[in-house]
>>> print(open('coords.pdb').read())   # PDB, C-alpha atoms
MODEL        1
ATOM      1  CA  ASP A   1       0.000   0.000   0.000
ATOM      2  CA  VAL A   2       1.166   3.447  -0.922
ATOM      3  CA  LYS A   3       2.520   5.463   1.947
ATOM      4  CA  VAL A   4       3.460   9.089   2.435
ATOM      5  CA  THR A   5       4.257   9.931   6.021
ATOM      6  CA  GLN A   6       4.656  13.364   7.536
ATOM      7  CA  SER A   7       6.580  13.569  10.774
ATOM      8  CA  SER A   8       3.967  15.438  12.824
ATOM      9  CA  ARG A   9       0.184  15.895  12.742
ATOM     10  CA  TYR A  10       0.198  18.975  14.958
ATOM     11  CA  LEU A  11       2.998  21.395  15.716
ATOM     12  CA  VAL A  12       3.142  24.607  17.749
ATOM     13  CA  LYS A  13       6.177  26.828  17.318
ATOM     14  CA  ARG A  14       7.206  30.302  18.422
ATOM     15  CA  THR A  15       7.805  33.225  16.112
ATOM     16  CA  GLY A  16      11.389  33.252  14.896
ATOM     17  CA  GLU A  17      12.028  29.557  15.424
ATOM     18  CA  LYS A  18      13.477  27.409  12.642
ATOM     19  CA  VAL A  19      10.971  24.698  11.827
ATOM     20  CA  PHE A  20      11.540  21.412   9.999
ATOM     21  CA  LEU A  21       8.677  19.463   8.437
ATOM     22  CA  GLU A  22       9.642  16.009   7.242
ATOM     23  CA  CYS A  23       7.999  13.872   4.577
ATOM     24  CA  VAL A  24       8.907  10.305   3.661
ATOM     25  CA  GLN A  25       7.490   8.175   0.853
ATOM     26  CA  ASP A  26       7.983   4.494   0.228
ATOM     27  CA  MET A  27       6.990   4.336  -3.445
ATOM     28  CA  ASP A  28      10.343   5.195  -5.029
ATOM     29  CA  HIS A  29       8.765   8.262  -6.654
ATOM     30  CA  GLU A  30      11.006  10.918  -8.078
ATOM     31  CA  ASN A  31       8.508  13.776  -7.765
ATOM     32  CA  MET A  32       7.679  15.255  -4.382
ATOM     33  CA  PHE A  33       5.800  18.432  -3.533
ATOM     34  CA  TRP A  34       5.025  20.648  -0.555
ATOM     35  CA  TYR A  35       1.715  22.538  -0.408
ATOM     36  CA  ARG A  36       0.030  24.691   2.173
ATOM     37  CA  GLN A  37      -3.732  24.778   2.480
ATOM     38  CA  ASP A  38      -5.649  27.717   3.892
ATOM     39  CA  PRO A  39      -9.408  28.343   4.027
ATOM     40  CA  GLY A  40     -10.591  30.110   0.891
ATOM     41  CA  LEU A  41      -7.194  29.841  -0.775
ATOM     42  CA  GLY A  42      -7.030  26.146  -1.589
ATOM     43  CA  LEU A  43      -3.807  24.248  -2.087
ATOM     44  CA  ARG A  44      -0.820  26.408  -2.945
ATOM     45  CA  LEU A  45       2.486  24.987  -4.095
ATOM     46  CA  ILE A  46       5.509  25.992  -2.047
ATOM     47  CA  TYR A  47       8.369  23.912  -3.464
ATOM     48  CA  PHE A  48       8.814  20.728  -5.423
ATOM     49  CA  SER A  49      11.564  18.343  -6.369
ATOM     50  CA  TYR A  50      12.006  16.051  -9.344
ATOM     51  CA  ASP A  51      15.049  14.220  -8.050
ATOM     52  CA  VAL A  52      17.571  14.012  -5.265
ATOM     53  CA  LYS A  53      19.271  17.347  -4.597
ATOM     54  CA  MET A  54      16.986  19.065  -7.099
ATOM     55  CA  LYS A  55      14.450  21.671  -6.057
ATOM     56  CA  GLU A  56      12.160  24.103  -7.802
ATOM     57  CA  LYS A  57      10.220  27.044  -6.422
ATOM     58  CA  GLY A  58       6.493  26.825  -6.532
ATOM     59  CA  ASP A  59       4.047  29.707  -6.331
ATOM     60  CA  ILE A  60       4.725  30.855  -2.751
ATOM     61  CA  PRO A  61       8.335  29.982  -1.813
ATOM     62  CA  GLU A  62       9.094  33.081   0.257
ATOM     63  CA  GLY A  63      10.081  32.248   3.813
ATOM     64  CA  TYR A  64      10.615  28.568   3.026
ATOM     65  CA  SER A  65      13.417  26.323   1.839
ATOM     66  CA  VAL A  66      13.615  22.600   1.140
ATOM     67  CA  SER A  67      16.059  19.735   1.255
ATOM     68  CA  ARG A  68      16.087  16.488  -0.714
ATOM     69  CA  GLU A  69      19.182  14.500   0.241
ATOM     70  CA  LYS A  70      17.579  11.108  -0.308
ATOM     71  CA  LYS A  71      14.953  10.064  -2.815
ATOM     72  CA  GLU A  72      12.417   9.068  -0.211
ATOM     73  CA  ARG A  73      12.663  12.153   1.992
ATOM     74  CA  PHE A  74      11.664  15.749   1.248
ATOM     75  CA  SER A  75      11.955  18.293   4.014
ATOM     76  CA  LEU A  76      10.347  21.719   4.250
ATOM     77  CA  ILE A  77      12.161  24.317   6.331
ATOM     78  CA  LEU A  78      10.720  27.511   7.743
ATOM     79  CA  GLU A  79      13.849  29.582   8.278
ATOM     80  CA  SER A  80      12.262  31.954  10.793
ATOM     81  CA  ALA A  81       8.663  31.068  11.538
ATOM     82  CA  SER A  82       6.089  33.844  11.406
ATOM     83  CA  THR A  83       2.427  33.899  12.378
ATOM     84  CA  ASN A  84       1.345  34.131   8.733
ATOM     85  CA  GLN A  85       2.869  30.679   8.218
ATOM     86  CA  THR A  86       0.224  29.164  10.463
ATOM     87  CA  SER A  87      -1.405  26.692   8.104
ATOM     88  CA  MET A  88      -2.005  23.078   7.115
ATOM     89  CA  TYR A  89       1.039  21.719   5.275
ATOM     90  CA  LEU A  90       0.597  18.818   2.902
ATOM     91  CA  CYS A  91       3.344  16.762   1.320
ATOM     92  CA  ALA A  92       2.611  14.848  -1.890
ATOM     93  CA  SER A  93       4.491  12.231  -3.815
ATOM     94  CA  ILE A  94       3.479  11.955  -7.463
ATOM     95  CA  GLY A  95       3.871   8.824  -9.499
ATOM     96  CA  PHE A  96       2.054   6.047 -11.263
ATOM     97  CA  GLY A  97      -0.990   4.842  -9.338
ATOM     98  CA  ARG A  98      -4.261   3.365 -10.576
ATOM     99  CA  ALA A  99      -3.420   3.458 -14.287
ATOM    100  CA  VAL A 100      -2.590   7.114 -14.025
ATOM    101  CA  THR A 101       0.017   9.427 -12.586
ATOM    102  CA  GLU A 102      -1.538  10.639  -9.371
ATOM    103  CA  ALA A 103      -0.660  12.528  -6.226
ATOM    104  CA  PHE A 104      -0.452  10.622  -2.957
ATOM    105  CA  PHE A 105      -0.731  12.899   0.040
ATOM    106  CA  GLY A 106       0.615  12.629   3.533
ATOM    107  CA  GLN A 107      -1.753  13.086   6.451
ATOM    108  CA  GLY A 108      -0.875  16.765   6.789
ATOM    109  CA  THR A 109       0.806  18.821   9.479
ATOM    110  CA  ARG A 110      -1.187  21.558  11.132
ATOM    111  CA  LEU A 111       1.355  24.165  12.156
ATOM    112  CA  THR A 112       0.521  26.969  14.546
ATOM    113  CA  VAL A 113       3.047  29.766  15.006
ATOM    114  CA  VAL A 114       2.504  31.833  18.137
TER     115      VAL A 114
ATOM    116  CA  GLN B   1       0.682  29.802 -12.639
ATOM    117  CA  LYS B   2      -2.068  28.332 -14.716
ATOM    118  CA  GLU B   3      -5.543  28.963 -13.338
ATOM    119  CA  VAL B   4      -8.011  26.374 -12.144
ATOM    120  CA  GLU B   5     -11.332  27.864 -11.111
ATOM    121  CA  GLN B   6     -14.045  26.394  -8.966
ATOM    122  CA  ASN B   7     -16.372  29.265  -8.416
ATOM    123  CA  SER B   8     -19.548  27.943  -6.912
ATOM    124  CA  GLY B   9     -20.045  28.133  -3.186
ATOM    125  CA  PRO B  10     -21.044  25.330  -0.804
ATOM    126  CA  LEU B  11     -23.486  22.914  -2.370
ATOM    127  CA  SER B  12     -26.285  21.391  -0.318
ATOM    128  CA  VAL B  13     -28.088  18.411  -1.841
ATOM    129  CA  PRO B  14     -30.737  16.079  -0.446
ATOM    130  CA  GLU B  15     -29.744  12.472   0.033
ATOM    131  CA  GLY B  16     -30.349  10.540  -3.192
ATOM    132  CA  ALA B  17     -30.076  13.594  -5.441
ATOM    133  CA  ILE B  18     -27.369  14.443  -7.980
ATOM    134  CA  ALA B  19     -24.544  16.779  -6.975
ATOM    135  CA  SER B  20     -22.933  18.651  -9.851
ATOM    136  CA  LEU B  21     -19.544  20.375  -9.589
ATOM    137  CA  ASN B  22     -17.795  22.423 -12.254
ATOM    138  CA  CYS B  23     -14.215  23.445 -12.876
ATOM    139  CA  THR B  24     -12.624  25.582 -15.588
ATOM    140  CA  TYR B  25      -8.946  25.805 -16.472
ATOM    141  CA  SER B  26      -6.864  28.319 -18.353
ATOM    142  CA  ASP B  27      -4.203  26.225 -20.095
ATOM    143  CA  ARG B  28      -5.593  24.897 -23.361
ATOM    144  CA  GLY B  29      -2.665  22.455 -23.576
ATOM    145  CA  SER B  30      -3.597  20.612 -20.378
ATOM    146  CA  GLN B  31      -4.026  16.905 -20.958
ATOM    147  CA  SER B  32      -5.053  15.256 -17.704
ATOM    148  CA  PHE B  33      -7.616  16.211 -15.107
ATOM    149  CA  PHE B  34      -8.409  14.961 -11.646
ATOM    150  CA  TRP B  35     -11.021  15.168  -8.940
ATOM    151  CA  TYR B  36      -9.896  14.757  -5.341
ATOM    152  CA  ARG B  37     -12.149  14.377  -2.329
ATOM    153  CA  GLN B  38     -11.073  15.810   1.012
ATOM    154  CA  TYR B  39     -12.889  15.080   4.235
ATOM    155  CA  SER B  40     -12.587  17.644   7.001
ATOM    156  CA  GLY B  41      -9.228  17.336   8.737
ATOM    157  CA  LYS B  42      -7.976  14.742   6.267
ATOM    158  CA  SER B  43      -5.731  14.834   3.221
ATOM    159  CA  PRO B  44      -7.070  14.747  -0.362
ATOM    160  CA  GLU B  45      -7.655  11.414  -2.064
ATOM    161  CA  LEU B  46      -8.074  10.780  -5.774
ATOM    162  CA  ILE B  47     -11.569   9.708  -6.846
ATOM    163  CA  MET B  48     -11.641  10.334 -10.616
ATOM    164  CA  PHE B  49      -9.310  11.134 -13.463
ATOM    165  CA  ILE B  50     -10.071  11.850 -17.107
ATOM    166  CA  TYR B  51      -7.993  12.412 -20.222
ATOM    167  CA  SER B  52     -10.415  12.319 -23.141
ATOM    168  CA  ASN B  53     -13.353  14.479 -24.103
ATOM    169  CA  GLY B  54     -16.689  13.085 -23.019
ATOM    170  CA  ASP B  55     -17.876  11.215 -19.964
ATOM    171  CA  LYS B  56     -16.147   8.755 -17.704
ATOM    172  CA  GLU B  57     -18.139   6.812 -15.159
ATOM    173  CA  ASP B  58     -16.922   5.062 -12.023
ATOM    174  CA  GLY B  59     -19.673   3.826  -9.749
ATOM    175  CA  ARG B  60     -21.781   6.775  -8.657
ATOM    176  CA  PHE B  61     -19.241   9.279  -9.989
ATOM    177  CA  THR B  62     -19.133  10.664 -13.539
ATOM    178  CA  ALA B  63     -16.438  13.013 -14.785
ATOM    179  CA  GLN B  64     -17.118  15.069 -17.884
ATOM    180  CA  LEU B  65     -14.441  16.787 -19.939
ATOM    181  CA  ASN B  66     -14.842  19.388 -22.658
ATOM    182  CA  LYS B  67     -11.426  20.540 -23.861
ATOM    183  CA  ALA B  68     -12.830  23.008 -26.389
ATOM    184  CA  SER B  69     -14.644  24.874 -23.621
ATOM    185  CA  GLN B  70     -11.907  24.143 -21.078
ATOM    186  CA  TYR B  71     -14.084  22.739 -18.361
ATOM    187  CA  VAL B  72     -14.311  19.540 -16.414
ATOM    188  CA  SER B  73     -17.211  18.555 -14.188
ATOM    189  CA  LEU B  74     -18.054  15.928 -11.609
ATOM    190  CA  LEU B  75     -21.474  14.412 -11.046
ATOM    191  CA  ILE B  76     -22.269  12.433  -7.932
ATOM    192  CA  ARG B  77     -25.401  10.352  -8.394
ATOM    193  CA  ASP B  78     -27.535   9.061  -5.526
ATOM    194  CA  SER B  79     -25.681  11.326  -3.100
ATOM    195  CA  GLN B  80     -25.016   9.853   0.325
ATOM    196  CA  PRO B  81     -24.136  11.566   3.616
ATOM    197  CA  SER B  82     -20.673  10.002   3.257
ATOM    198  CA  ASP B  83     -20.179  12.145   0.137
ATOM    199  CA  SER B  84     -20.157  15.264   2.315
ATOM    200  CA  ALA B  85     -16.668  16.622   1.750
ATOM    201  CA  THR B  86     -14.690  19.210  -0.186
ATOM    202  CA  TYR B  87     -14.013  18.307  -3.812
ATOM    203  CA  LEU B  88     -10.838  19.605  -5.439
ATOM    204  CA  CYS B  89     -10.336  19.869  -9.181
ATOM    205  CA  ALA B  90      -6.733  19.445 -10.345
ATOM    206  CA  VAL B  91      -5.025  19.864 -13.695
ATOM    207  CA  ASN B  92      -1.649  18.457 -14.674
ATOM    208  CA  GLU B  93       0.367  21.492 -15.806
ATOM    209  CA  GLY B  94       3.100  19.299 -17.219
ATOM    210  CA  ASN B  95       6.021  17.519 -15.569
ATOM    211  CA  ASN B  96       3.574  16.103 -13.023
ATOM    212  CA  ARG B  97       2.995  19.487 -11.468
ATOM    213  CA  LEU B  98      -0.648  19.744 -10.423
ATOM    214  CA  ALA B  99      -2.602  22.966 -10.196
ATOM    215  CA  PHE B 100      -5.551  22.770  -7.814
ATOM    216  CA  GLY B 101      -8.766  24.713  -7.645
ATOM    217  CA  LYS B 102      -9.890  26.092  -4.292
ATOM    218  CA  GLY B 103     -12.431  23.351  -3.857
ATOM    219  CA  ASN B 104     -16.194  23.059  -3.479
ATOM    220  CA  GLN B 105     -17.822  21.926  -0.272
ATOM    221  CA  VAL B 106     -20.660  19.441  -0.698
ATOM    222  CA  VAL B 107     -23.149  18.805   2.107
ATOM    223  CA  VAL B 108     -25.576  15.917   1.663
ATOM    224  CA  ILE B 109     -28.676  16.368   3.785
ATOM    225  CA  PRO B 110     -30.280  13.141   5.052
TER     226      PRO B 110
ENDMDL
END
>>> encode(input="coords.pdb", output="structure tokens")
Amino acid sequence: DVKVTQSSRYLVKRTGEKVFLECVQDMDHENMFWYRQDPGLGLRLIYFSYDVKMKEKGDIPEGYSVSREKKERFSLILESASTNQTSMYLCASIGFGRAVTEAFFGQGTRLTVV
Amino acid sequence: QKEVEQNSGPLSVPEGAIASLNCTYSDRGSQSFFWYRQYSGKSPELIMFIYSNGDKEDGRFTAQLNKASQYVSLLIRDSQPSDSATYLCAVNEGNNRLAFGKGNQVVVIP
């Protein structure tokens, strides 16, 4: 069974802290993505990666960075957390599923920055 | 960023009725289209995908694609309370990068 695992379901951090969100997939997919989801704004792409050590900016990369040192792991880093980064963060691994290339999502991390 | 629009507000349907959701997209070159269902507090899951113009049926779900008019729709027949969720339209922008609409909330009233 396909599995994308995010390290935390809920996280509370203080303003200015460096925050690491981890995502691991077991499907040997090359493509991994980080989104944030906010009410009324939908899913917005932060960063994505097509291969180890490769990264591409998405639509809202400001204030974030990523790391992909191993194929199965894609980390999202908030360099200095701010309250406007309070959100639901979703990691996705994209590859061949039910006869189609589809996105498999992790369970999400709800981050609150206080 | 290519646009994916889901403009209608929350949709309330009686149990057993048909729920109809619409989505338009801006990139005429888009080739593959997806509908994801997201229950409150959960992550999205794929329920339908479509590549070709016309209808595609899977159980109580039917996806309809019209590339000339750049829209894709989802019909849920015989709606059940378990269908109450947010439905996200997604378009493959190329290189497996998906653009998502903002979603439509569906509430099925018993």
>>> closest_atom_pairs(input="coords.pdb", of="chain B", to="chain A", cutoff="12 Å", atoms="only C-alpha atoms", output="CSV")
residue,atom,partner,partner_atom,distance
B:Gln1,CA,A:Asp59,CA,7.2
B:Lys2,CA,A:Asp59,CA,10.5
B:Glu3,CA,A:Arg44,CA,11.7
B:Val4,CA,A:Gly42,CA,10.6
B:Glu5,CA,A:Gly42,CA,10.6
B:Gln6,CA,A:Gly42,CA,10.2
B:Asn7,CA,A:Gly40,CA,11.0
B:Gly9,CA,A:Gly40,CA,10.5
B:Pro10,CA,A:Gly40,CA,11.6
B:Gln31,CA,A:Thr101,CA,11.9
B:Ser32,CA,A:Thr101,CA,9.3
B:Phe33,CA,A:Glu102,CA,10.0
B:Phe34,CA,A:Glu102,CA,8.4
B:Trp35,CA,A:Glu102,CA,10.5
B:Tyr36,CA,A:Ala103,CA,9.5
B:Arg37,CA,A:Phe105,CA,11.8
B:Gln38,CA,A:Phe105,CA,10.8
B:Tyr39,CA,A:Gln107,CA,11.5
B:Ser40,CA,A:Pro39,CA,11.6
B:Gly41,CA,A:Gly108,CA,8.6
B:Lys42,CA,A:Gln107,CA,6.4
B:Ser43,CA,A:Gln107,CA,5.4
B:Pro44,CA,A:Phe105,CA,6.6
B:Glu45,CA,A:Phe104,CA,7.3
B:Leu46,CA,A:Glu102,CA,7.5
B:Ile47,CA,A:Arg98,CA,10.4
B:Met48,CA,A:Arg98,CA,10.2
B:Phe49,CA,A:Val100,CA,7.9
B:Ile50,CA,A:Val100,CA,9.4
B:Tyr51,CA,A:Val100,CA,9.8
B:Thr86,CA,A:Gly42,CA,10.4
B:Tyr87,CA,A:Gly42,CA,10.7
B:Leu88,CA,A:Gly42,CA,8.5
B:Cys89,CA,A:Gly42,CA,10.4
B:Ala90,CA,A:Leu43,CA,10.0
B:Val91,CA,A:Glu102,CA,10.8
B:Asn92,CA,A:Thr101,CA,9.4
B:Gly94,CA,A:Thr101,CA,11.3
B:Asn95,CA,A:Tyr50,CA,8.8
B:Asn96,CA,A:Ile94,CA,6.9
B:Arg97,CA,A:Phe48,CA,8.5
B:Leu98,CA,A:Ala103,CA,8.3
B:Ala99,CA,A:Leu45,CA,8.2
B:Phe100,CA,A:Leu43,CA,6.2
B:Gly101,CA,A:Gly42,CA,6.5
B:Lys102,CA,A:Gly42,CA,3.9
B:Gly103,CA,A:Gly42,CA,6.5
B:Asn104,CA,A:Gly42,CA,9.9
B:Gln105,CA,A:Gly40,CA,11.0
>>> residues_around(input="coords.pdb", residues="A:Arg73", least_positions_apart="3", cutoff="8 Å", atoms="all atoms listed in the file", output="list in words")
Glu22, Cys23, Val24, Gln25, Arg68, Glu69 and Lys70 of chain A
>>> residues_around(input="coords.pdb", residues="A:Thr86", least_positions_apart="4", cutoff="6 Å", atoms="only C-alpha atoms", output="ChimeraX atom specification")
/A:111-113
>>> closest_residue(input="coords.pdb", among="A:Val19, A:Ile77, A:Met27, A:Val4", to="A:Ile46", atoms="only C-alpha atoms")
A:Ile77
>>> residues_around(input="coords.pdb", residues="B:Asp83", least_positions_apart="5", cutoff="10 Å", atoms="all atoms listed in the file", output="ChimeraX atom specification")
/B:15,19,37-39,76,78,106-108
>>> resolve_selection(input="coords.pdb", expression="the PyMOL selection byres ((chain B and resi 59) around 12)", output="JSON, numbers by chain")
{"B": [47, 48, 56, 57, 58, 60, 61, 62, 63, 75, 76, 77, 78, 79]}
>>> atom_distance(input="coords.pdb", atom1="atom CA of A:Ile60", atom2="atom CA of A:Arg36")
9.2 Å
>>> closest_residue(input="coords.pdb", among="A:Val114, A:Leu21, A:Trp34, A:Gln6", to="A:Thr83", atoms="all atoms listed in the file")
A:Val114
>>> closest_residue(input="coords.pdb", among="B:Glu93, B:Ala85, B:Val13, B:Ser30", to="B:Lys67", atoms="only C-alpha atoms")
B:Ser30
>>> atom_distance(input="coords.pdb", atom1="atom CA of A:Tyr47", atom2="atom CA of A:Leu76")
8.3 Å
